[in-house]
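Taking it in order: structure first as structure tokens, then the write-up.
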Protein chains: 4
Amino acid sequence: MTTPIPLKIAYLGGGSREWARKLMFDLALCPELSGEIALYDIDMDSARLNEQLGNWLHAPQQPGVISHWHYTAVETLSEALRGADFVIISIQPGSLELMGKEIAIAEKYVRFFPVGDTSGAPGLVRGLRSAKIYKGFAEAIAEICPKAWVINYTNPMAICTRTLTRVVPELKVFGCCHEVFAVQKMLAGLVAQYWGVPTPHKNEIKVNVIGLNHFTWFDKATWDGRDLLELVRHHIAQPGTLRPYRQPEVESWDDWFKSVHQIKFGLFQRFGILAAAGDRHLVEFIPGFIDSPETLFRYGIIRTPVSFRIARWQAAPQKTRDLLSGKTPLELRSSGEEGVGQIKAILGLGDIITNVNLKNQGQIANLPLDVVVETNAHFSRDEVRPLSAGSIPAGLLPLIQQHSANQELIIEAALTGDKDLAFQAIYNDPTTSLTLDKAWEMFTEMLSLDEGQ
Amino acid sequence: MTTPIPLKIAYLGGGSREWARKLMFDLALCPELSGEIALYDIDMDSARLNEQLGNWLHAPQQPGVISHWHYTAVETLSEALRGADFVIISIQPGSLELMGKEIAIAEKYVRFFPVGDTSGAPGLVRGLRSAKIYKGFAEAIAEICPKAWVINYTNPMAICTRTLTRVVPELKVFGCCHEVFAVQKMLAGLVAQYWGVPTPHKNEIKVNVIGLNHFTWFDKATWDGRDLLELVRHHIAQPGTLRPYRQPEVESWDDWFKSVHQIKFGLFQRFGILAAAGDRHLVEFIPGFIDSPETLFRYGIIRTPVSFRIARWQAAPQKTRDLLSGKTPLELRSSGEEGVGQIKAILGLGDIITNVNLKNQGQIANLPLDVVVETNAHFSRDEVRPLSAGSIPAGLLPLIQQHSANQELIIEAALTGDKDLAFQAIYNDPTTSLTLDKAWEMFTEMLSLDEGQ
Amino acid sequence: MTTPIPLKIAYLGGGSREWARKLMFDLALCPELSGEIALYDIDMDSARLNEQLGNWLHAPQQPGVISHWHYTAVETLSEALRGADFVIISIQPGSLELMGKEIAIAEKYVRFFPVGDTSGAPGLVRGLRSAKIYKGFAEAIAEICPKAWVINYTNPMAICTRTLTRVVPELKVFGCCHEVFAVQKMLAGLVAQYWGVPTPHKNEIKVNVIGLNHFTWFDKATWDGRDLLELVRHHIAQPGTLRPYRQPEVESWDDWFKSVHQIKFGLFQRFGILAAAGDRHLVEFIPGFIDSPETLFRYGIIRTPVSFRIARWQAAPQKTRDLLSGKTPLELRSSGEEGVGQIKAILGLGDIITNVNLKNQGQIANLPLDVVVETNAHFSRDEVRPLSAGSIPAGLLPLIQQHSANQELIIEAALTGDKDLAFQAIYNDPTTSLTLDKAWEMFTEMLSLDEGQ
Amino acid sequence: MTTPIPLKIAYLGGGSREWARKLMFDLALCPELSGEIALYDIDMDSARLNEQLGNWLHAPQQPGVISHWHYTAVETLSEALRGADFVIISIQPGSLELMGKEIAIAEKYVRFFPVGDTSGAPGLVRGLRSAKIYKGFAEAIAEICPKAWVINYTNPMAICTRTLTRVVPELKVFGCCHEVFAVQKMLAGLVAQYWGVPTPHKNEIKVNVIGLNHFTWFDKATWDGRDLLELVRHHIAQPGTLRPYRQPEVESWDDWFKSVHQIKFGLFQRFGILAAAGDRHLVEFIPGFIDSPETLFRYGIIRTPVSFRIARWQAAPQKTRDLLSGKTPLELRSSGEEGVGQIKAILGLGDIITNVNLKNQGQIANLPLDVVVETNAHFSRDEVRPLSAGSIPAGLLPLIQQHSANQELIIEAALTGDKDLAFQAIYNDPTTSLTLDKAWEMFTEMLSLDEGQ
């Protein structure tokens, strides 16, 4: 058995009640790594609770834990970053209440966002806020730990990730999102359903990933060398695959994140390329779907209520305390996320290829250099190198250019304080579709909330 | 007095009841040119009437006529093109009735197009039809008179003009539209209003033209060296400049083409660049305005009824006959169009600079090469060379890229017969904003009309 | 043990006396593949001898052979291609005598080419000839086996490989060259020398490959996570690393392909990036070195005499016959080439990453799309996908643009018959450096040879 | 008679013994302008003499002078720039002696530069020096008179002009050179010679200008609508047009700037496009001609001795004094330069189109944006707008890319102090063609001179 590699990880948003715990568990199950994790959060209480949880896992080691880590909640960003090998960022840019209010404002303008964290007016206003925060992160990292690898989990993914290298081009940054995995799993399901084999693991579903986070696409997908886009075509042609959903059916689901792929399949029918994100995300990037809850229901989409997010967030500490007190037994399980695998690859412990958000350096040939795009990349020692994903098809390109350009406008607006640029992005977004006056009203109403904070 | 230059002009759409007559009158007033004009039209009767009118003007010369031209209505395209120095194209791509039906279908989907000839679903379906016709023109010109200059007046301007060089890159093609002049005149009006001088001629309003036809922009405008965009800013700031219009007021106008610039000024307020087309065109390129007649009224826009176009078209022959019979006196007057001036410049009779639609050869630095764009150009002997118009501002670029890309998709669809590509353009268009299903329904309903012809 | 995958391989240049045998031996040692190999060559006798050799290996199996293949020399290209899964091309484009004469002509103009197969006047004239041949290959493959993977080994690599997809864009083509491996081995040697470890295998030398074949570069190289470019810097700084070589010393070498890296290190000193080809190739791409044998000697370069190539070529059949007759014992050994590994990866038998020549699809961000470049690529089932190699440094870019543009000019010249274009490439080449008149004389003298054939 | 427009002109290099006087005379002959001219020079005596000359012309007015100007030699750059409407720059970047030594060093390396001010090692080293000086100019202008128009006459033109906007992108800069006019005049001569008409004025020779200063090209040239490139083809085909020149003949010329167009015609023969600069400049941009004085003689090129420049420079003050003392009579004549015409156009006194060096904003479609290129431009009130010049032909493009990229490298080197970048430009230059060692030696020898100053 070799000695584990000692690391210092800075976790910004260290009070995170979801991503942080996934990471803790995945690290607990990984014997090759060990070290210190500094938890930094503007919500110090949450960071402290995570500190407790982390250290409880390791000292003494809970059953199943096979690594050694020490967690410390720290008071300052600088303290967190000092000596860091990796910086992980998963913050809430603004409160969930603020998010809820922004989405509610959009509803006043008859725009019903199922998620509201990436695109459309709520996503872009959130991006404006995030870019200002991330400017600070970029400058601090550049000063304190410029060689560290920075991994972002916060949405809006592209805006957050891009702001870091826009402000400090030398930073080593990538952004991770599991959205694509669900579509690989859906394809694995079709393999089982039509080809009579056991459902393959999602990693066996080979895909070429091309696009923007939450608006990602597969222009090629295979399993065992067989064409899965052809299979999707076959599946869509089956009676009942494309059908109107009804409100009660949709509302009866107990899973806010469920996708029944009606949007994805509809886009595939007309554009010949498979969108690789949940339908609730997709409708926030394309025209025509978010004009009423009824339209959304018809396509099997229910909006994730922010109240659910708040409740989940509020309930989380008690869950942790129950774990610490032994009230709930510990179930150690891999999260299915690839963060730890990526860290290991970067440390030289085994190459992997997976999808990731990176500065465009040619991997998408018909988007501008330097904007953040999502494609596959090869992770190896000290390196995350994108695979060439090719070009986006001509009919889809304008929509993707639009969103990518809007992300750049939002960052420019955040860095220069030019409110008009931010508005231009919001007006241009295909989900806005309001007169200039109404769009401006909606935008300034959202901004005033934010300023009121 | 020098001998006039002898020319052969082929007029495709020679039965034209508007553009052809403007040209006839302008030529009648131009002593430097003379020659033959072949009128070709699928509506031979109309061509014959224009032939009569043309020859009546010249043989013997009516009072005020100072040139010599002979007009012939011809049976075939080949005959028209044989020996032509210039080919002028102003056709109706499909009947006005068909146009009316397409616009009516859009209304079923709650999309109210004031014009419907360039962008949006009706404009793009019209483009699809036009590109097929223009492919034929391109091939015939290449075969019969490959050195001729081709001047297009038909809408959709960019699609028609671009199809010609897409099919035969060597053709010498430009497209003319007077839309920009009206905005120069509006600016001239502001000069008079605010600066207490007599209204300048539109040619004194110096502008940098940048964009696509009917979605053209001025990023610089001056009169006598003074900044007119600053003046527009001042004008907008006056109470009452931006105000809601009411339906009766708008409906009381007896001018279907009137523009009260509310859209233009609104865009200027938010984007800082001045749109250079009538508001009725502008709302067909941007999101949010065509969802109801009420919204249009509010911004002072009334839809040009196709019934008006049909009535005008039907009335035109009688007007001509009244002229020929002497019932109406002839009033010879320059049309204000620049066609004859452009022809003269190309023949070496005086350089001019004016706006024109041309293949992009770098004049707009951030649009792809070869798409058709509208900018200023320098017309001189045997040459129409664009002036560098610079780059489109970042916040406006995505909208313009979108429309330009859609025009390319429509042409590709027309040339390859790929219906999906055409649909992609229609779905992408910011005025569509429908679910995929509804957009597809609308599209196929329009297509079936066309196929039914 | 699983059943081997049955294949049909078409070998164009099947009389090859070097590459064909390497392939035969590598396939003999690979139990996962089996099948038919059609050998097609304009020199039928050579193809027949290879057929004999191939079948002698397998029927019955010689000791060590662990696969089953059947070889057939065929009379026509069509017969070779029929049903092929892979097409391997390694031809001699023109006789070795012709090559010798072209190099001799260059010497009359005081240009001493050590190799003469890729760049400079002899390489480009050879390219002109090759592009015409490859046009025929492209058309035949497109007609007979359009889905086959085409692997090129012929020089000039970029011109040959690019011609195939220039003529038929859909073909699946890549080009292989072992030149890079030797530089990896040199680096492995430095690792051993300076870091006191056993010489690593070349595959442990991790490199980012960027450039054109035979003018390839490493902008990053590591072993075990340690920076090898830094090590090269250290090595160069040692007394004696850079030193003048003397003619007798160089001439005493019994290896025509030896590289002492003086050019590579010199370029590294000034450009900060490591060239990844033998010095004898490098001097054919850069200015200033081929003006005299003395200059070449000074940098430890000796020209590979074409007489040696001819002798080797003439001796080869007897060697084969000696093997067949048992006079020479068979020594089965892997060639060190990666062809079979690549084929296996494409068949789904294990992914690899290695350097390869491919159409640029963004892998080099600052070269035009579609030109053939050399970078790393990920080989997996049915796919060869480049890794993003980034951008070529600004100071090196003009030289690489120059050569890449010249390759395109040569292909254009070959396909259109425009001799001037070919001349422009030759005059532009930095090794030519002659007046227009002398360059033209040299060029036409070379061409007349070729035409005389 | 309208009142002349009052101006303040800052003349940097105000001691100039050539350009300053041309300007003085041209201004003296222009009644529409008047005002103050501040002469700033590191050589104050020369500035004072120009001050004397300028004021002598105007107070009282010498015969023929029809304008009012006042000249002041000023001590500081700031004083010169304060309130300037136009800044004219024509400096000597380094002494003529230094220039002589640099050219002499190149000769030691068997490179014989006829001019040595723009490209090749001497031109690029001069550029390195100039870029440092121009950085200071840019910063001072940005601070003191940011709205002024800046007109550059100094060589290397592209490097000087580009440095200004590289350092301060907002500056309004263009660069003027008369090199193109001489080629227009040569074409006018051919018109007279072959078509039996009086020699046309050079302004009647209509050309499309495309390229880099001193390496400019005409891809179209007409007179009265007739094709002059065809005429050049005819001229070249005449016996005797292309012929070897002999040394005594060339040396007998009493004009150091004479061009017999052998290089230009040779390039036209092979590239099909007409170079628009004197042959002595052209050979400094292309391979193969500067290896010996004999080769240069053969093509009718004699090197301009720096000793001649020094003598002319030294003799100039006495000439001025002779004028002031009345020993030499004043002959007022337009210089033929276009500077005053350009200034008038910018002031709104009549549009002109002429060739000029400007930041690329798309006027050359296949060169990068922002590098300085030479094309035609339209000068009008407050505006210098390039005409779209199209694309450089594929066979010529690599050479032009090379030089343009080298100019950027030199500026980057000057601004960052990175000596290696400057060397890379020098090694890449097609006239260098030396081994790395020799090129480095030559480069550092030149640099040491400069540092020694």
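Letters A, B, ... go to the chains of the structure tokens in the order shown; residues in each chain start at 1; ligands are counted from 1 in the same order.
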
Selection near segment 279-284 of chain A, 7 Å with only C-alpha atoms, sequence-local residues under 6 positions removed, as a ChimeraX atom specification: /A:113-115,119-120,214-215,259,261,263-264,290,301,431

Write the residues you've just listed into a file as a PDB file, in the first residue's frame, and include N, CA and C atoms for each of them.
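Saved the output as out_39.pdb:
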```
ATOM      1  N   PHE A 113     -40.035  30.021 -14.866  1.00  0.00           N
ATOM      2  CA  PHE A 113     -38.755  29.318 -14.940  1.00  0.00           C
ATOM      3  C   PHE A 113     -38.745  28.110 -14.012  1.00  0.00           C
ATOM      4  N   PRO A 114     -38.525  26.925 -14.547  1.00  0.00           N
ATOM      5  CA  PRO A 114     -38.487  25.731 -13.706  1.00  0.00           C
ATOM      6  C   PRO A 114     -37.284  25.719 -12.760  1.00  0.00           C
ATOM      7  N   VAL A 115     -36.162  26.297 -13.177  1.00  0.00           N
ATOM      8  CA  VAL A 115     -34.973  26.257 -12.332  1.00  0.00           C
ATOM      9  C   VAL A 115     -34.528  27.688 -11.996  1.00  0.00           C
ATOM     10  N   SER A 119     -29.871  30.567 -17.096  1.00  0.00           N
ATOM     11  CA  SER A 119     -30.163  31.419 -18.240  1.00  0.00           C
ATOM     12  C   SER A 119     -31.529  32.051 -18.032  1.00  0.00           C
ATOM     13  N   GLY A 120     -31.987  32.845 -18.985  1.00  0.00           N
ATOM     14  CA  GLY A 120     -33.200  33.620 -18.751  1.00  0.00           C
ATOM     15  C   GLY A 120     -32.903  34.733 -17.756  1.00  0.00           C
ATOM     16  N   HIS A 214     -25.646  23.058 -19.134  1.00  0.00           N
ATOM     17  CA  HIS A 214     -27.116  23.006 -19.096  1.00  0.00           C
ATOM     18  C   HIS A 214     -27.749  23.197 -20.477  1.00  0.00           C
ATOM     19  N   PHE A 215     -26.916  23.396 -21.481  1.00  0.00           N
ATOM     20  CA  PHE A 215     -27.407  23.464 -22.862  1.00  0.00           C
ATOM     21  C   PHE A 215     -26.377  22.714 -23.717  1.00  0.00           C
ATOM     22  N   SER A 259     -37.050  14.127 -15.381  1.00  0.00           N
ATOM     23  CA  SER A 259     -37.149  14.601 -16.771  1.00  0.00           C
ATOM     24  C   SER A 259     -37.786  13.493 -17.604  1.00  0.00           C
ATOM     25  N   HIS A 261     -38.117  13.957 -20.899  1.00  0.00           N
ATOM     26  CA  HIS A 261     -37.389  14.026 -22.175  1.00  0.00           C
ATOM     27  C   HIS A 261     -38.224  14.445 -23.380  1.00  0.00           C
ATOM     28  N   ILE A 263     -38.925  17.471 -24.332  1.00  0.00           N
ATOM     29  CA  ILE A 263     -38.257  18.611 -24.968  1.00  0.00           C
ATOM     30  C   ILE A 263     -37.050  18.118 -25.760  1.00  0.00           C
ATOM     31  N   LYS A 264     -36.291  17.289 -25.074  1.00  0.00           N
ATOM     32  CA  LYS A 264     -35.078  16.715 -25.680  1.00  0.00           C
ATOM     33  C   LYS A 264     -35.402  15.971 -26.970  1.00  0.00           C
ATOM     34  N   ILE A 290     -41.867  28.514 -21.779  1.00  0.00           N
ATOM     35  CA  ILE A 290     -42.069  28.884 -20.370  1.00  0.00           C
ATOM     36  C   ILE A 290     -43.177  29.928 -20.192  1.00  0.00           C
ATOM     37  N   ILE A 301     -43.016  18.920 -17.431  1.00  0.00           N
ATOM     38  CA  ILE A 301     -42.054  19.702 -16.654  1.00  0.00           C
ATOM     39  C   ILE A 301     -42.753  20.384 -15.499  1.00  0.00           C
ATOM     40  N   THR A 431     -35.866  33.354 -23.971  1.00  0.00           N
ATOM     41  CA  THR A 431     -37.001  33.125 -23.074  1.00  0.00           C
ATOM     42  C   THR A 431     -37.636  34.438 -22.623  1.00  0.00           C
TER      43      THR A 431
END
```

At most 6 Å to chain D: residues in chain B, only C-alpha atoms, as a list in words: Gln361, Gly362, Gln363, Ala365, Pro386, Leu387, Ser388 and Gly390 of chain B

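Considering only C-alpha atoms, the residue among A:Gly272, A:Gly196, A:Gly100, A:Pro63 positioned nearest to Phe218 of chain A is A:Gly272.
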
Residue contacts of Gln247 of chain D (9 Å, only C-alpha atoms) excluding same-chain residues fewer than 3 positions away, as a ChimeraX atom specification: /D:250-252,293-294,296-298,300,302

Selection near Leu190 of chain A, 8 Å with only C-alpha atoms, sequence-local residues under 3 positions removed, as a PyMOL selection string: chain A and resi 186-187+193-195+231-232+235

Restricting it to all heavy atoms, dump the selection as a PDB file, in the first residue's frame.
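The resulting out_14.pdb:
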```pdb
ATOM      1  N   MET A 186     -30.237   7.820 -19.298  1.00  0.00           N
ATOM      2  CA  MET A 186     -31.453   7.629 -20.091  1.00  0.00           C
ATOM      3  C   MET A 186     -31.132   6.766 -21.310  1.00  0.00           C
ATOM      4  O   MET A 186     -31.865   5.833 -21.640  1.00  0.00           O
ATOM      5  CB  MET A 186     -31.993   9.005 -20.503  1.00  0.00           C
ATOM      6  CG  MET A 186     -33.238   8.981 -21.358  1.00  0.00           C
ATOM      7  SD  MET A 186     -32.913   8.843 -23.145  1.00  0.00           S
ATOM      8  CE  MET A 186     -32.463  10.538 -23.546  1.00  0.00           C
ATOM      9  N   LEU A 187     -30.000   7.050 -21.952  1.00  0.00           N
ATOM     10  CA  LEU A 187     -29.605   6.253 -23.120  1.00  0.00           C
ATOM     11  C   LEU A 187     -29.328   4.808 -22.707  1.00  0.00           C
ATOM     12  O   LEU A 187     -29.689   3.866 -23.434  1.00  0.00           O
ATOM     13  CB  LEU A 187     -28.389   6.873 -23.795  1.00  0.00           C
ATOM     14  CG  LEU A 187     -28.638   8.229 -24.484  1.00  0.00           C
ATOM     15  CD1 LEU A 187     -27.329   8.818 -25.004  1.00  0.00           C
ATOM     16  CD2 LEU A 187     -29.633   8.079 -25.639  1.00  0.00           C
ATOM     17  N   GLN A 193     -33.870  -1.444 -22.780  1.00  0.00           N
ATOM     18  CA  GLN A 193     -35.261  -1.621 -23.210  1.00  0.00           C
ATOM     19  C   GLN A 193     -35.364  -2.231 -24.600  1.00  0.00           C
ATOM     20  O   GLN A 193     -36.169  -3.137 -24.828  1.00  0.00           O
ATOM     21  CB  GLN A 193     -35.933  -0.239 -23.186  1.00  0.00           C
ATOM     22  CG  GLN A 193     -37.363  -0.216 -23.714  1.00  0.00           C
ATOM     23  CD  GLN A 193     -37.938   1.212 -23.690  1.00  0.00           C
ATOM     24  OE1 GLN A 193     -37.412   2.100 -23.026  1.00  0.00           O
ATOM     25  NE2 GLN A 193     -39.030   1.414 -24.412  1.00  0.00           N
ATOM     26  N   TYR A 194     -34.536  -1.766 -25.513  1.00  0.00           N
ATOM     27  CA  TYR A 194     -34.696  -2.202 -26.903  1.00  0.00           C
ATOM     28  C   TYR A 194     -33.772  -3.351 -27.298  1.00  0.00           C
ATOM     29  O   TYR A 194     -34.044  -4.051 -28.257  1.00  0.00           O
ATOM     30  CB  TYR A 194     -34.493  -1.028 -27.862  1.00  0.00           C
ATOM     31  CG  TYR A 194     -35.630  -0.034 -27.816  1.00  0.00           C
ATOM     32  CD1 TYR A 194     -35.536   1.148 -27.094  1.00  0.00           C
ATOM     33  CD2 TYR A 194     -36.826  -0.300 -28.492  1.00  0.00           C
ATOM     34  CE1 TYR A 194     -36.587   2.048 -27.050  1.00  0.00           C
ATOM     35  CE2 TYR A 194     -37.892   0.605 -28.452  1.00  0.00           C
ATOM     36  CZ  TYR A 194     -37.770   1.776 -27.730  1.00  0.00           C
ATOM     37  OH  TYR A 194     -38.816   2.658 -27.694  1.00  0.00           O
ATOM     38  N   TRP A 195     -32.645  -3.472 -26.610  1.00  0.00           N
ATOM     39  CA  TRP A 195     -31.678  -4.461 -27.065  1.00  0.00           C
ATOM     40  C   TRP A 195     -31.561  -5.643 -26.119  1.00  0.00           C
ATOM     41  O   TRP A 195     -30.675  -6.490 -26.282  1.00  0.00           O
ATOM     42  CB  TRP A 195     -30.315  -3.792 -27.299  1.00  0.00           C
ATOM     43  CG  TRP A 195     -30.354  -2.840 -28.481  1.00  0.00           C
ATOM     44  CD1 TRP A 195     -31.276  -2.803 -29.484  1.00  0.00           C
ATOM     45  CD2 TRP A 195     -29.421  -1.797 -28.765  1.00  0.00           C
ATOM     46  NE1 TRP A 195     -30.998  -1.795 -30.370  1.00  0.00           N
ATOM     47  CE2 TRP A 195     -29.855  -1.152 -29.967  1.00  0.00           C
ATOM     48  CE3 TRP A 195     -28.263  -1.324 -28.147  1.00  0.00           C
ATOM     49  CZ2 TRP A 195     -29.173  -0.091 -30.534  1.00  0.00           C
ATOM     50  CZ3 TRP A 195     -27.582  -0.263 -28.728  1.00  0.00           C
ATOM     51  CH2 TRP A 195     -28.031   0.357 -29.906  1.00  0.00           C
ATOM     52  N   LEU A 231     -30.964   4.878 -32.256  1.00  0.00           N
ATOM     53  CA  LEU A 231     -31.892   4.242 -31.309  1.00  0.00           C
ATOM     54  C   LEU A 231     -32.908   5.259 -30.772  1.00  0.00           C
ATOM     55  O   LEU A 231     -34.094   4.946 -30.625  1.00  0.00           O
ATOM     56  CB  LEU A 231     -31.099   3.597 -30.161  1.00  0.00           C
ATOM     57  CG  LEU A 231     -31.929   2.858 -29.111  1.00  0.00           C
ATOM     58  CD1 LEU A 231     -32.700   1.694 -29.726  1.00  0.00           C
ATOM     59  CD2 LEU A 231     -31.034   2.342 -27.972  1.00  0.00           C
ATOM     60  N   VAL A 232     -32.426   6.463 -30.486  1.00  0.00           N
ATOM     61  CA  VAL A 232     -33.345   7.514 -30.038  1.00  0.00           C
ATOM     62  C   VAL A 232     -34.392   7.778 -31.128  1.00  0.00           C
ATOM     63  O   VAL A 232     -35.587   7.908 -30.848  1.00  0.00           O
ATOM     64  CB  VAL A 232     -32.572   8.808 -29.689  1.00  0.00           C
ATOM     65  CG1 VAL A 232     -33.526   9.980 -29.489  1.00  0.00           C
ATOM     66  CG2 VAL A 232     -31.718   8.597 -28.451  1.00  0.00           C
ATOM     67  N   HIS A 235     -36.852   5.102 -30.952  1.00  0.00           N
ATOM     68  CA  HIS A 235     -37.664   5.254 -29.740  1.00  0.00           C
ATOM     69  C   HIS A 235     -38.743   6.326 -29.938  1.00  0.00           C
ATOM     70  O   HIS A 235     -39.915   6.131 -29.571  1.00  0.00           O
ATOM     71  CB  HIS A 235     -36.737   5.616 -28.578  1.00  0.00           C
ATOM     72  CG  HIS A 235     -37.450   5.893 -27.290  1.00  0.00           C
ATOM     73  ND1 HIS A 235     -38.257   4.965 -26.672  1.00  0.00           N
ATOM     74  CD2 HIS A 235     -37.473   6.990 -26.484  1.00  0.00           C
ATOM     75  CE1 HIS A 235     -38.760   5.478 -25.546  1.00  0.00           C
ATOM     76  NE2 HIS A 235     -38.296   6.703 -25.424  1.00  0.00           N
TER      77      HIS A 235
END
```

Contact residues around Gly189 of chain B with only C-alpha atoms at 10 Å, ignoring same-chain residues under 6 positions, as JSON, numbers by chain: {"B": [183, 195, 197, 198, 199, 200, 201, 202]}

Using all heavy atoms, can you export the residues from the last selection as a compact mmCIF listing (two decimals), in the first residue's frame?
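This is the output file again38.txt:
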```txt
# COMPACT_ATOMS: atom_id res chain seq x y z
N VAL B 183 -34.82 57.20 -42.53
CA VAL B 183 -34.24 57.50 -41.22
C VAL B 183 -33.29 58.70 -41.35
O VAL B 183 -33.21 59.53 -40.44
CB VAL B 183 -33.57 56.26 -40.62
CG1 VAL B 183 -33.03 56.56 -39.23
CG2 VAL B 183 -34.57 55.11 -40.55
N TRP B 195 -32.13 72.75 -34.24
CA TRP B 195 -31.01 73.65 -34.51
C TRP B 195 -31.41 74.87 -35.35
O TRP B 195 -30.55 75.64 -35.80
CB TRP B 195 -29.83 72.88 -35.13
CG TRP B 195 -29.21 71.90 -34.16
CD1 TRP B 195 -29.32 71.88 -32.80
CD2 TRP B 195 -28.37 70.78 -34.49
NE1 TRP B 195 -28.62 70.83 -32.26
CE2 TRP B 195 -28.02 70.13 -33.28
CE3 TRP B 195 -27.87 70.26 -35.70
CZ2 TRP B 195 -27.21 69.00 -33.23
CZ3 TRP B 195 -27.07 69.14 -35.65
CH2 TRP B 195 -26.74 68.51 -34.42
N VAL B 197 -32.45 75.42 -38.40
CA VAL B 197 -31.96 75.62 -39.78
C VAL B 197 -32.99 74.97 -40.71
O VAL B 197 -33.80 74.15 -40.26
CB VAL B 197 -30.57 74.96 -40.00
CG1 VAL B 197 -29.53 75.65 -39.13
CG2 VAL B 197 -30.63 73.47 -39.72
N PRO B 198 -32.97 75.33 -41.98
CA PRO B 198 -33.88 74.66 -42.91
C PRO B 198 -33.55 73.16 -42.96
O PRO B 198 -32.39 72.77 -42.83
CB PRO B 198 -33.57 75.31 -44.27
CG PRO B 198 -32.78 76.53 -43.96
CD PRO B 198 -32.12 76.33 -42.64
N THR B 199 -34.55 72.34 -43.15
CA THR B 199 -34.34 70.89 -43.18
C THR B 199 -33.28 70.51 -44.22
O THR B 199 -33.45 70.81 -45.41
CB THR B 199 -35.65 70.16 -43.53
OG1 THR B 199 -36.66 70.64 -42.65
CG2 THR B 199 -35.49 68.66 -43.37
N PRO B 200 -32.20 69.90 -43.81
CA PRO B 200 -31.17 69.54 -44.80
C PRO B 200 -31.66 68.41 -45.72
O PRO B 200 -32.58 67.68 -45.37
CB PRO B 200 -30.00 69.02 -43.93
CG PRO B 200 -30.37 69.28 -42.51
CD PRO B 200 -31.84 69.51 -42.44
N HIS B 201 -31.03 68.31 -46.88
CA HIS B 201 -31.29 67.17 -47.76
C HIS B 201 -30.74 65.91 -47.09
O HIS B 201 -29.74 65.97 -46.39
CB HIS B 201 -30.62 67.38 -49.11
CG HIS B 201 -30.99 66.32 -50.11
ND1 HIS B 201 -30.29 65.15 -50.24
CD2 HIS B 201 -32.02 66.25 -51.00
CE1 HIS B 201 -30.84 64.40 -51.19
NE2 HIS B 201 -31.90 65.05 -51.67
N LYS B 202 -31.41 64.79 -47.33
CA LYS B 202 -30.97 63.56 -46.66
C LYS B 202 -29.51 63.22 -46.98
O LYS B 202 -28.82 62.59 -46.17
CB LYS B 202 -31.91 62.39 -46.98
CG LYS B 202 -31.90 61.93 -48.42
CD LYS B 202 -31.44 60.50 -48.59
CE LYS B 202 -31.55 60.08 -50.04
NZ LYS B 202 -30.34 59.45 -50.56
```

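Atom CA of Lys319 of chain C sits 11.6 Å away from atom CA of Glu18 of chain C.
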
Contact residues around Trp69 of chain A with only C-alpha atoms at 9 Å, ignoring same-chain residues under 2 positions, as an NGL selection string: :A and (27-28 or 33-37 or 54-55 or 57-59 or 67 or 71)

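For the residues B:Ile9, B:Ala439, B:Ile411, B:Leu77, ranking by smallest atom-to-atom distance to Arg166 of chain B using only C-alpha atoms places B:Ile411 first.
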